[in-house]
Amino acid sequence: MQTLNLMLHPELKNDLPEKIIQFGEGNFLRCFIGWMIDRLNKKNIFNGRIVAVQPTPHGRVIGKLNAQDGLYTTVLRGVQNGATVNEKEIITSVSRGINPYTDWQKVLKCAEDPAIEYVFSNTTEAGLSYNNEDKAEMTPPQSFPGKLTLYLYHRYRYYNGAADKGMYIIPCELLEDNGILLKKLIMKYARQWNLPASFCEWLNEHNKFYNTLVDRVVSGYPKDEAEEFNKELGYADELLVCGEPFHFFAIEGDDCLKEKLPLQKVGLNVAVESDITKYRQRKVRLLNGGHTANVPAAFLAGLDTVAEMMQDKTAGRFACHTIREIILPSVDMDKKMLEDFAEAVIERFQNPFIKHYLLSILLNSTSKFKIRVLPSLLDYHRKFGEFPQELLFAFAAYIFVYKPVRVDKNHLYGLRDGIEYELTDDEENIIKLDAAWKLYNGTPEGAEATAAAVIEDVVLWDADLAELNIVQSVGAYLYRLDKEGSRSVMESLL
Ligand SMILES: NC(=O)C1=CN([C@@H]2O[C@H](COP(=O)(O)OP(=O)(O)OC[C@H]3O[C@@H](n4cnc5c(N)ncnc54)[C@H](O)[C@@H]3O)[C@@H](O)[C@H]2O)C=CC1
Ligand SMILES: O=P(O)(O)OC[C@H]1O[C@](O)(CO)[C@@H](O)[C@@H]1O
C-alpha cells in the first residue's frame, strides 16, 4: 500500500505562503486548527499554511508529516442534528513540520517571515507552564512558553521592534484564560532572562494574546480499523485522525481578528466575542459536568465507555434526565442556548464511533466534581430551594468509586465485579478518601460517617459544605450503592 504524499496525489500541491506557526502537531490540532484553515483555503479565503513545531523532544509526528508532504486525512463520524455524518478529507493546510531540537534555526527563520503573523498552540495543559531550568541560551528551551519567548524576541530584534510586526497569539490549551496565562509566562521569562524592557513594551503593545475555548472530541488514529481505512482510501496514512463532526471554537477577541481570520465565513462554529465566559460555563457545566455527574454511577453499573452508558436503558436515561432536568435549569444563561447545547452534548455522548473510556473520564474526579458538578448542586438549591436527589446520588457515586482495596501514592485501586480497577487523583485526595472509607462498617451510620468525612473536608471543596446538611442524604445513597448496586438506585430515581 502506498503512503499518502504529493507523489501519489500531485493535484493536491499548493504553494500558499506560510502564515501560521503552530506549537504542537498532535491529533487535536490536526483535526481542529489544521482542518479549519484547510476549510478557509478551500474557499480561497485565508490562503495560508501552517508550519508545525514539535513541542517536546519525544515527538513521533514531524517525521511522518514531512514524509507525507504535510498531507493527512481527517475522518469525522457521528450523528449531527439527527443525520449521520461520515466525512473523509485530505488536509493540505500544513506545509511542513520542524523538530526544534535538531533545527532550532529553522524555527527562528520563521520569526523573520513577515507573512507569519499567527501563533497557535496546543501543548496539553502541562505544556502551558514555566520551567525554572529554561535559559535564554538554550536552543531551544524545554517549555513551549520558553520557546515562544525566544521566537518573539528574535522577531522583535530582527524588525527593530516594529509596531506592525507583532503577532496574533492564540493558544488552544484547555485552561481558563489561556491567552493571559501564556502572556504572563512569556513576561516572566523575559524578566528572568534579563531581556530588554523595550521588548516587554513591544510584547505588550504590539502583540495580541487571545483567550480561547476549544471543543471537539478527537479520538485520534483508529488502530482497530486502520486496515479498512487503508483499503477504502487507497493509501496508508499514518497521521489519519478521527474525530466527531461537532466543533466549537470560542475566541475572546475583537472585530480585527474576525476580519483577519474569518473562520465564521466558511460556516465554522466559531464565536469571536469580547467575553467567552458563558461558553466556558456552558461547556464545563453541561458537557464536562454531564460526564462527571453520570460516569461514576455508570461505571459502577458495569459500563465502560460513554457510548455504552448512553445506550444502556437505565444509565442512558439517567444521564439524559440529569443533563436536561437538573444541570441545565441550574445554570443561569439563555435557556435556548443551553437547550441546544444540551441536546448536542447528548447526541455527542451517543456517538458510536467514539470510544471514550469512563475510566479516562474518572481521572482526577475530585477536582472535576468540585468545578463541574458542585456548582450545579448549589445553584439548583439556590434557585429551587431544594437539593436535586440526582446530584446527591452523583456525589455518593463519586465517593463510592473511590472505595479502596488498596492505595499507592496517587493511585487508588477499587473492585468492580471482582476485577480491580485503577483511579488516579492527587495523592492528598486519595489519602482523604482512603481514610474516609475506613469509617465504613457496613451500616447506615458507617456510610454517613464516610460521607461526612468527605463532604465536610473544607480543603477538598474550597468551601464549607457542612452547613448544607446533605451528609445524611449522601450517606444514605452510599449505603444503597453498597447494598443494592448503582443500577437499582438509578432506576429508583427515574
Ligand atoms: N483529543 C481531544 O478530544 C481533545 C483534546 N484536547 C486537549 O488537547 C491536548 C492534546 O490532545 P491530543 O492532540 O488529543 O493529544 P496528542 O497526544 O495527539 O498530542 C499531544 C501534544 O501535546 C504535546 N505535549 C505533550 N506533553 C507536553 C508537555 N509536557 N509540554 C509540551 N507539549 C506537550 C505533544 O508533543 C503533542 O504535540 C490535551 O491536553 C487535551 O486535553 C482538547 C479538546 C479535545
Ligand atoms: O470530561 P472529560 O474527561 O474532561 O472529557 C472531556 C472531553 O471533552 C473535551 O473537553 C472536548 O472538547 C475533550 O477534551 C475531552 O475529550
# chains A, B, ... in the order shown; residues from 1 in each chain; ligands from 1

$ closest_atom_pairs --of "chain A" --to "ligand 1" --cutoff "8 Å" --atoms "only C-alpha atoms and all ligand atoms" --output "JSON lines"
{"residue": "A:Phe23", "atom": "CA", "partner": "ligand 1", "partner_atom_place_in_ligand_line": "37 (O)", "distance": 7.3}
{"residue": "A:Gly24", "atom": "CA", "partner": "ligand 1", "partner_atom_place_in_ligand_line": "37 (O)", "distance": 3.8}
{"residue": "A:Glu25", "atom": "CA", "partner": "ligand 1", "partner_atom_place_in_ligand_line": "37 (O)", "distance": 4.6}
{"residue": "A:Gly26", "atom": "CA", "partner": "ligand 1", "partner_atom_place_in_ligand_line": "19 (O)", "distance": 3.5}
{"residue": "A:Asn27", "atom": "CA", "partner": "ligand 1", "partner_atom_place_in_ligand_line": "18 (O)", "distance": 3.8}
{"residue": "A:Phe28", "atom": "CA", "partner": "ligand 1", "partner_atom_place_in_ligand_line": "13 (O)", "distance": 3.6}
{"residue": "A:Leu29", "atom": "CA", "partner": "ligand 1", "partner_atom_place_in_ligand_line": "13 (O)", "distance": 5.9}
{"residue": "A:Arg30", "atom": "CA", "partner": "ligand 1", "partner_atom_place_in_ligand_line": "13 (O)", "distance": 7.6}
{"residue": "A:Gln54", "atom": "CA", "partner": "ligand 1", "partner_atom_place_in_ligand_line": "35 (O)", "distance": 5.8}
{"residue": "A:Pro55", "atom": "CA", "partner": "ligand 1", "partner_atom_place_in_ligand_line": "32 (N)", "distance": 4.7}
{"residue": "A:Thr56", "atom": "CA", "partner": "ligand 1", "partner_atom_place_in_ligand_line": "35 (O)", "distance": 5.1}
{"residue": "A:Pro57", "atom": "CA", "partner": "ligand 1", "partner_atom_place_in_ligand_line": "35 (O)", "distance": 7.9}
{"residue": "A:His58", "atom": "CA", "partner": "ligand 1", "partner_atom_place_in_ligand_line": "35 (O)", "distance": 7.1}
{"residue": "A:Gly59", "atom": "CA", "partner": "ligand 1", "partner_atom_place_in_ligand_line": "35 (O)", "distance": 5.6}
{"residue": "A:Asn122", "atom": "CA", "partner": "ligand 1", "partner_atom_place_in_ligand_line": "9 (C)", "distance": 5.9}
{"residue": "A:Thr123", "atom": "CA", "partner": "ligand 1", "partner_atom_place_in_ligand_line": "32 (N)", "distance": 3.7}
{"residue": "A:Thr124", "atom": "CA", "partner": "ligand 1", "partner_atom_place_in_ligand_line": "39 (O)", "distance": 3.2}
{"residue": "A:Glu125", "atom": "CA", "partner": "ligand 1", "partner_atom_place_in_ligand_line": "39 (O)", "distance": 5.2}
{"residue": "A:Ala126", "atom": "CA", "partner": "ligand 1", "partner_atom_place_in_ligand_line": "29 (N)", "distance": 4.7}
{"residue": "A:Gly127", "atom": "CA", "partner": "ligand 1", "partner_atom_place_in_ligand_line": "30 (N)", "distance": 3.4}
{"residue": "A:Leu128", "atom": "CA", "partner": "ligand 1", "partner_atom_place_in_ligand_line": "30 (N)", "distance": 7.1}
{"residue": "A:Gln142", "atom": "CA", "partner": "ligand 1", "partner_atom_place_in_ligand_line": "30 (N)", "distance": 8.0}
{"residue": "A:Ser143", "atom": "CA", "partner": "ligand 1", "partner_atom_place_in_ligand_line": "30 (N)", "distance": 6.1}
{"residue": "A:Phe144", "atom": "CA", "partner": "ligand 1", "partner_atom_place_in_ligand_line": "31 (C)", "distance": 5.9}
{"residue": "A:Cys172", "atom": "CA", "partner": "ligand 1", "partner_atom_place_in_ligand_line": "8 (O)", "distance": 7.6}
{"residue": "A:Glu173", "atom": "CA", "partner": "ligand 1", "partner_atom_place_in_ligand_line": "8 (O)", "distance": 6.2}
{"residue": "A:Leu174", "atom": "CA", "partner": "ligand 1", "partner_atom_place_in_ligand_line": "42 (C)", "distance": 6.0}
{"residue": "A:Val214", "atom": "CA", "partner": "ligand 1", "partner_atom_place_in_ligand_line": "43 (C)", "distance": 5.9}
{"residue": "A:Asp215", "atom": "CA", "partner": "ligand 1", "partner_atom_place_in_ligand_line": "43 (C)", "distance": 5.3}
{"residue": "A:Arg216", "atom": "CA", "partner": "ligand 1", "partner_atom_place_in_ligand_line": "44 (C)", "distance": 5.0}
{"residue": "A:Val217", "atom": "CA", "partner": "ligand 1", "partner_atom_place_in_ligand_line": "3 (O)", "distance": 3.4}
{"residue": "A:Val218", "atom": "CA", "partner": "ligand 1", "partner_atom_place_in_ligand_line": "3 (O)", "distance": 3.7}
{"residue": "A:Ser219", "atom": "CA", "partner": "ligand 1", "partner_atom_place_in_ligand_line": "1 (N)", "distance": 5.7}
{"residue": "A:Gly220", "atom": "CA", "partner": "ligand 1", "partner_atom_place_in_ligand_line": "14 (O)", "distance": 6.5}
{"residue": "A:Gly243", "atom": "CA", "partner": "ligand 1", "partner_atom_place_in_ligand_line": "3 (O)", "distance": 7.4}

$ residues_around --residues "Thr366 (chain A)" --least-positions-apart "4" --cutoff "12 Å" --atoms "only C-alpha atoms" --output "JSON list (two decimals) with N, CA, C and O atoms, in the first residue's frame"
[["chain", "number", "residue", "atom", "x", "y", "z"],
["A", 292, "THR", "N", -19.02, 14.06, 34.52],
["A", 292, "THR", "CA", -18.62, 13.77, 35.90],
["A", 292, "THR", "C", -19.81, 13.42, 36.80],
["A", 292, "THR", "O", -19.66, 12.65, 37.74],
["A", 293, "ALA", "N", -20.99, 13.96, 36.48],
["A", 293, "ALA", "CA", -22.17, 13.64, 37.30],
["A", 293, "ALA", "C", -22.68, 12.22, 37.01],
["A", 293, "ALA", "O", -23.33, 11.61, 37.85],
["A", 296, "PRO", "N", -19.40, 8.08, 37.23],
["A", 296, "PRO", "CA", -19.14, 7.14, 38.33],
["A", 296, "PRO", "C", -20.26, 6.11, 38.47],
["A", 296, "PRO", "O", -19.99, 4.90, 38.57],
["A", 361, "ILE", "N", -12.27, 9.31, 31.97],
["A", 361, "ILE", "CA", -13.01, 10.47, 32.49],
["A", 361, "ILE", "C", -12.91, 10.52, 34.02],
["A", 361, "ILE", "O", -12.91, 11.60, 34.61],
["A", 362, "LEU", "N", -12.76, 9.35, 34.66],
["A", 362, "LEU", "CA", -12.66, 9.31, 36.12],
["A", 362, "LEU", "C", -11.33, 9.88, 36.65],
["A", 362, "LEU", "O", -11.19, 10.11, 37.84],
["A", 370, "LYS", "N", -15.65, 19.12, 41.95],
["A", 370, "LYS", "CA", -15.71, 20.46, 42.56],
["A", 370, "LYS", "C", -16.03, 21.53, 41.50],
["A", 370, "LYS", "O", -16.87, 22.40, 41.72],
["A", 371, "ILE", "N", -15.37, 21.46, 40.37],
["A", 371, "ILE", "CA", -15.51, 22.53, 39.38],
["A", 371, "ILE", "C", -16.74, 22.33, 38.50],
["A", 371, "ILE", "O", -17.39, 23.28, 38.09],
["A", 372, "ARG", "N", -17.08, 21.07, 38.21],
["A", 372, "ARG", "CA", -18.10, 20.80, 37.19],
["A", 372, "ARG", "C", -19.49, 20.51, 37.75],
["A", 372, "ARG", "O", -20.48, 20.81, 37.09],
["A", 373, "VAL", "N", -19.55, 19.84, 38.94],
["A", 373, "VAL", "CA", -20.86, 19.37, 39.42],
["A", 373, "VAL", "C", -21.36, 20.15, 40.64],
["A", 373, "VAL", "O", -22.52, 20.52, 40.72],
["A", 374, "LEU", "N", -20.43, 20.41, 41.57],
["A", 374, "LEU", "CA", -20.84, 21.11, 42.80],
["A", 374, "LEU", "C", -21.57, 22.43, 42.51],
["A", 374, "LEU", "O", -22.60, 22.72, 43.12],
["A", 395, "PHE", "N", -22.93, 12.59, 43.93],
["A", 395, "PHE", "CA", -21.89, 12.83, 44.94],
["A", 395, "PHE", "C", -21.52, 11.49, 45.60],
["A", 395, "PHE", "O", -20.34, 11.13, 45.75],
["A", 397, "ALA", "N", -21.98, 8.49, 44.33],
["A", 397, "ALA", "CA", -21.36, 7.59, 43.35],
["A", 397, "ALA", "C", -19.88, 7.95, 43.17],
["A", 397, "ALA", "O", -19.02, 7.08, 43.04],
["A", 398, "TYR", "N", -19.59, 9.26, 43.18],
["A", 398, "TYR", "CA", -18.17, 9.69, 43.10],
["A", 398, "TYR", "C", -17.40, 9.11, 44.30],
["A", 398, "TYR", "O", -16.32, 8.55, 44.15],
["A", 399, "ILE", "N", -18.00, 9.23, 45.52],
["A", 399, "ILE", "CA", -17.30, 8.71, 46.71],
["A", 399, "ILE", "C", -17.17, 7.18, 46.61],
["A", 399, "ILE", "O", -16.13, 6.61, 46.95],
["A", 401, "VAL", "N", -16.89, 5.17, 43.94],
["A", 401, "VAL", "CA", -15.84, 4.62, 43.06],
["A", 401, "VAL", "C", -14.48, 4.67, 43.75],
["A", 401, "VAL", "O", -13.56, 3.95, 43.39],
["A", 402, "TYR", "N", -14.34, 5.54, 44.76],
["A", 402, "TYR", "CA", -13.08, 5.64, 45.50],
["A", 402, "TYR", "C", -13.03, 4.68, 46.68],
["A", 402, "TYR", "O", -12.21, 4.85, 47.57],
["A", 423, "LEU", "N", -7.71, 4.10, 39.76],
["A", 423, "LEU", "CA", -8.05, 5.51, 39.62],
["A", 423, "LEU", "C", -6.82, 6.35, 39.93],
["A", 423, "LEU", "O", -6.00, 5.96, 40.77],
["A", 424, "THR", "N", -6.71, 7.49, 39.29],
["A", 424, "THR", "CA", -5.60, 8.40, 39.57],
["A", 424, "THR", "C", -6.17, 9.72, 40.07],
["A", 424, "THR", "O", -7.15, 10.23, 39.50],
["A", 425, "ASP", "N", -5.57, 10.26, 41.11],
["A", 425, "ASP", "CA", -6.00, 11.57, 41.64],
["A", 425, "ASP", "C", -4.82, 12.13, 42.44],
["A", 425, "ASP", "O", -3.81, 11.43, 42.64],
["A", 426, "ASP", "N", -4.93, 13.37, 42.92],
["A", 426, "ASP", "CA", -3.86, 13.90, 43.76],
["A", 426, "ASP", "C", -3.68, 12.99, 44.98],
["A", 426, "ASP", "O", -4.67, 12.53, 45.56],
["A", 427, "GLU", "N", -2.42, 12.83, 45.38],
["A", 427, "GLU", "CA", -2.14, 11.92, 46.49],
["A", 427, "GLU", "C", -2.90, 12.33, 47.76],
["A", 427, "GLU", "O", -3.45, 11.49, 48.48],
["A", 428, "GLU", "N", -2.98, 13.66, 48.02],
["A", 428, "GLU", "CA", -3.67, 14.13, 49.24],
["A", 428, "GLU", "C", -5.15, 13.74, 49.20],
["A", 428, "GLU", "O", -5.74, 13.40, 50.21],
["A", 429, "ASN", "N", -5.76, 13.81, 48.00],
["A", 429, "ASN", "CA", -7.17, 13.43, 47.88],
["A", 429, "ASN", "C", -7.35, 11.94, 48.14],
["A", 429, "ASN", "O", -8.29, 11.52, 48.82],
["A", 430, "ILE", "N", -6.43, 11.16, 47.59],
["A", 430, "ILE", "CA", -6.52, 9.70, 47.76],
["A", 430, "ILE", "C", -6.39, 9.35, 49.25],
["A", 430, "ILE", "O", -7.14, 8.52, 49.77],
["A", 432, "LYS", "N", -7.26, 11.13, 51.75],
["A", 432, "LYS", "CA", -8.50, 11.51, 52.44],
["A", 432, "LYS", "C", -9.63, 10.52, 52.17],
["A", 432, "LYS", "O", -10.38, 10.15, 53.07],
["A", 433, "LEU", "N", -9.78, 10.14, 50.90],
["A", 433, "LEU", "CA", -10.85, 9.19, 50.56],
["A", 433, "LEU", "C", -10.60, 7.84, 51.23],
["A", 433, "LEU", "O", -11.54, 7.21, 51.74],
["A", 454, "VAL", "N", -15.86, 13.05, 53.89],
["A", 454, "VAL", "CA", -15.53, 13.61, 52.58],
["A", 454, "VAL", "C", -16.17, 15.00, 52.42],
["A", 454, "VAL", "O", -15.50, 15.99, 52.11],
["A", 455, "ILE", "N", -17.48, 15.06, 52.69],
["A", 455, "ILE", "CA", -18.22, 16.29, 52.41],
["A", 455, "ILE", "C", -17.77, 17.45, 53.30],
["A", 455, "ILE", "O", -17.71, 18.60, 52.86],
["A", 457, "ASP", "N", -14.88, 18.08, 54.48],
["A", 457, "ASP", "CA", -13.47, 18.47, 54.36],
["A", 457, "ASP", "C", -13.39, 19.78, 53.56],
["A", 457, "ASP", "O", -13.58, 19.81, 52.34],
["A", 459, "VAL", "N", -10.91, 21.63, 52.73],
["A", 459, "VAL", "CA", -9.82, 21.75, 51.74],
["A", 459, "VAL", "C", -10.20, 21.07, 50.42],
["A", 459, "VAL", "O", -9.90, 21.59, 49.34],
["A", 460, "LEU", "N", -10.89, 19.94, 50.50],
["A", 460, "LEU", "CA", -11.26, 19.23, 49.26],
["A", 460, "LEU", "C", -12.13, 20.10, 48.36],
["A", 460, "LEU", "O", -12.01, 20.08, 47.14],
["A", 461, "TRP", "N", -13.03, 20.87, 48.97],
["A", 461, "TRP", "CA", -14.04, 21.58, 48.17],
["A", 461, "TRP", "C", -13.85, 23.09, 48.15],
["A", 461, "TRP", "O", -14.65, 23.81, 47.54],
["A", 462, "ASP", "N", -12.81, 23.57, 48.83],
["A", 462, "ASP", "CA", -12.60, 25.01, 48.96],
["A", 462, "ASP", "C", -13.86, 25.69, 49.48],
["A", 462, "ASP", "O", -14.18, 26.82, 49.09]]

$ residues_around --residues "Met310 (chain A)" --least-positions-apart "5" --cutoff "10 Å" --atoms "only C-alpha atoms" --output "short mmCIF file (atom, residue, chain, number, x, y, z; two decimals) with C-alpha atoms, in the first residue's frame"
data_model
loop_
_atom_site.label_atom_id
_atom_site.label_comp_id
_atom_site.auth_asym_id
_atom_site.auth_seq_id
_atom_site.Cartn_x
_atom_site.Cartn_y
_atom_site.Cartn_z
CA ALA A 298 -22.43 4.22 35.03
CA LEU A 303 -20.31 0.02 31.76
CA THR A 305 -17.50 3.79 27.56
CA ALA A 315 -27.76 4.72 32.74
CA GLY A 316 -28.61 6.39 29.42
CA ARG A 317 -32.00 7.59 30.64
CA PHE A 318 -30.47 8.71 33.90
CA ALA A 319 -27.72 10.69 32.12
CA CYS A 320 -30.18 12.43 29.77
CA ILE A 346 -26.43 14.13 24.38
CA GLU A 347 -26.01 13.41 20.67
CA ARG A 348 -22.22 13.61 21.01
CA PHE A 349 -22.22 11.27 24.01
CA GLN A 350 -24.24 8.79 21.92
CA ASN A 351 -21.68 8.79 19.08
CA PRO A 352 -20.98 5.09 18.46
#

$ closest_residue --among "A:His411, A:Arg191, A:Arg324, A:Lys88" --to "Cys31 (chain A)" --atoms "only C-alpha atoms"
A:Lys88

$ closest_residue --among "A:Phe32, A:Phe387, A:Tyr380, A:Phe229" --to "ligand 2" --atoms "only C-alpha atoms and all ligand atoms"
A:Phe32

$ select_by_dssp --residues "region 137-210 of chain A" --states "alpha helix (DSSP H)" --output "ChimeraX atom specification"
/A:144-158,178-192,197-206

$ residues_around --residues "Arg480 (chain A)" --least-positions-apart "6" --cutoff "10 Å" --atoms "only C-alpha atoms" --output "list in words"
Phe393, Ala396, Pro444, Ala447, Val474, Ser486, Ser488 and Val489 of chain A

$ write_last_selection --atoms "N, CA and C atoms" --output "PDB file, in the first residue's frame"
ATOM      1  N   PHE A 393     -27.010  11.857  44.691  1.00  0.00           N
ATOM      2  CA  PHE A 393     -26.622  10.483  44.340  1.00  0.00           C
ATOM      3  C   PHE A 393     -25.276  10.497  43.573  1.00  0.00           C
ATOM      4  N   ALA A 396     -22.564  10.716  45.947  1.00  0.00           N
ATOM      5  CA  ALA A 396     -22.316   9.412  46.578  1.00  0.00           C
ATOM      6  C   ALA A 396     -21.586   8.468  45.613  1.00  0.00           C
ATOM      7  N   PRO A 444     -25.671   1.781  57.982  1.00  0.00           N
ATOM      8  CA  PRO A 444     -26.071   3.112  57.514  1.00  0.00           C
ATOM      9  C   PRO A 444     -25.297   4.217  58.249  1.00  0.00           C
ATOM     10  N   ALA A 447     -21.880   4.501  56.732  1.00  0.00           N
ATOM     11  CA  ALA A 447     -21.924   5.182  55.432  1.00  0.00           C
ATOM     12  C   ALA A 447     -22.030   6.689  55.637  1.00  0.00           C
ATOM     13  N   VAL A 474     -26.529  11.937  51.288  1.00  0.00           N
ATOM     14  CA  VAL A 474     -25.441  11.324  50.518  1.00  0.00           C
ATOM     15  C   VAL A 474     -25.037  10.003  51.182  1.00  0.00           C
ATOM     16  N   SER A 486     -25.573   0.251  41.870  1.00  0.00           N
ATOM     17  CA  SER A 486     -25.824   1.526  41.208  1.00  0.00           C
ATOM     18  C   SER A 486     -27.079   1.509  40.325  1.00  0.00           C
ATOM     19  N   SER A 488     -29.821  -0.191  40.450  1.00  0.00           N
ATOM     20  CA  SER A 488     -31.097  -0.167  41.178  1.00  0.00           C
ATOM     21  C   SER A 488     -31.385   1.244  41.711  1.00  0.00           C
ATOM     22  N   VAL A 489     -30.339   1.942  42.200  1.00  0.00           N
ATOM     23  CA  VAL A 489     -30.590   3.298  42.729  1.00  0.00           C
ATOM     24  C   VAL A 489     -30.958   4.239  41.577  1.00  0.00           C
TER      25      VAL A 489
END

$ residues_around --residues "region 177-190 of chain A" --least-positions-apart "4" --cutoff "7 Å" --atoms "only C-alpha atoms" --output "NGL selection string"
:A and (128 or 130 or 145-146 or 149 or 170-171 or 173 or 194-195 or 200 or 209-212)

$ residues_around --residues "Cys110 (chain A)" --least-positions-apart "5" --cutoff "10 Å" --atoms "only C-alpha atoms" --output "ChimeraX atom specification"
/A:18-21,51,105,115-117,151,154-155

$ write_last_selection --atoms "C-alpha atoms" --output "mmCIF file, in the first residue's frame"
data_model
loop_
_atom_site.group_PDB
_atom_site.id
_atom_site.type_symbol
_atom_site.label_atom_id
_atom_site.label_comp_id
_atom_site.auth_asym_id
_atom_site.auth_seq_id
_atom_site.Cartn_x
_atom_site.Cartn_y
_atom_site.Cartn_z
ATOM 1 C CA GLU A 18 3.208 30.060 5.420
ATOM 2 C CA LYS A 19 1.147 32.334 7.686
ATOM 3 C CA ILE A 20 0.898 30.378 10.928
ATOM 4 C CA ILE A 21 3.466 28.914 13.280
ATOM 5 C CA VAL A 51 4.360 25.334 9.972
ATOM 6 C CA GLN A 105 17.435 27.885 13.400
ATOM 7 C CA ALA A 115 3.782 36.721 6.393
ATOM 8 C CA ILE A 116 3.799 34.532 9.515
ATOM 9 C CA GLU A 117 1.586 36.590 11.809
ATOM 10 C CA TYR A 151 10.863 33.241 18.978
ATOM 11 C CA HIS A 154 14.120 37.104 17.644
ATOM 12 C CA ARG A 155 11.286 38.729 15.684
#

$ residues_around --residues "region 43-50 of chain A" --least-positions-apart "6" --cutoff "9 Å" --atoms "only C-alpha atoms" --output "MDAnalysis selection string"
chainID A and resid 15:22 34 37 92:97 115:116 260:263 265:266

$ select_by_dssp --residues "region 236-386 of chain A" --states "strand (DSSP E or B)" --output "short mmCIF file (atom, residue, chain, number, x, y, z; two decimals) with C-alpha atoms, in the first residue's frame"
data_model
loop_
_atom_site.label_atom_id
_atom_site.label_comp_id
_atom_site.auth_asym_id
_atom_site.auth_seq_id
_atom_site.Cartn_x
_atom_site.Cartn_y
_atom_site.Cartn_z
CA ALA A 236 -1.79 4.37 4.01
CA VAL A 241 -7.11 11.34 12.63
CA CYS A 242 -10.70 10.54 13.64
CA GLY A 243 -13.00 12.92 15.45
CA PHE A 248 -16.79 24.85 18.55
CA PHE A 249 -14.08 27.47 18.92
CA ALA A 250 -14.65 30.50 21.17
CA ILE A 251 -12.05 33.26 20.99
CA GLU A 252 -12.08 36.24 23.33
CA VAL A 270 -16.65 29.89 15.83
CA ALA A 271 -17.51 32.74 18.19
CA VAL A 272 -15.18 35.73 18.43
CA GLU A 273 -16.54 37.80 21.31
CA THR A 305 -17.50 3.79 27.56
CA TYR A 357 -13.50 5.30 28.26
#

$ closest_residue --among "A:Ala463, A:Leu439, A:Val458, A:Ile91" --to "Gly475 (chain A)" --atoms "only C-alpha atoms"
A:Leu439

$ closest_residue --among "A:Asp464, A:Asp312, A:Asp237, A:Glu244" --to "ligand 2" --atoms "only C-alpha atoms and all ligand atoms"
A:Glu244

$ closest_residue --among "A:Ala453, A:Leu65, A:Leu233, A:Leu478" --to "Ala466 (chain A)" --atoms "only C-alpha atoms"
A:Ala453
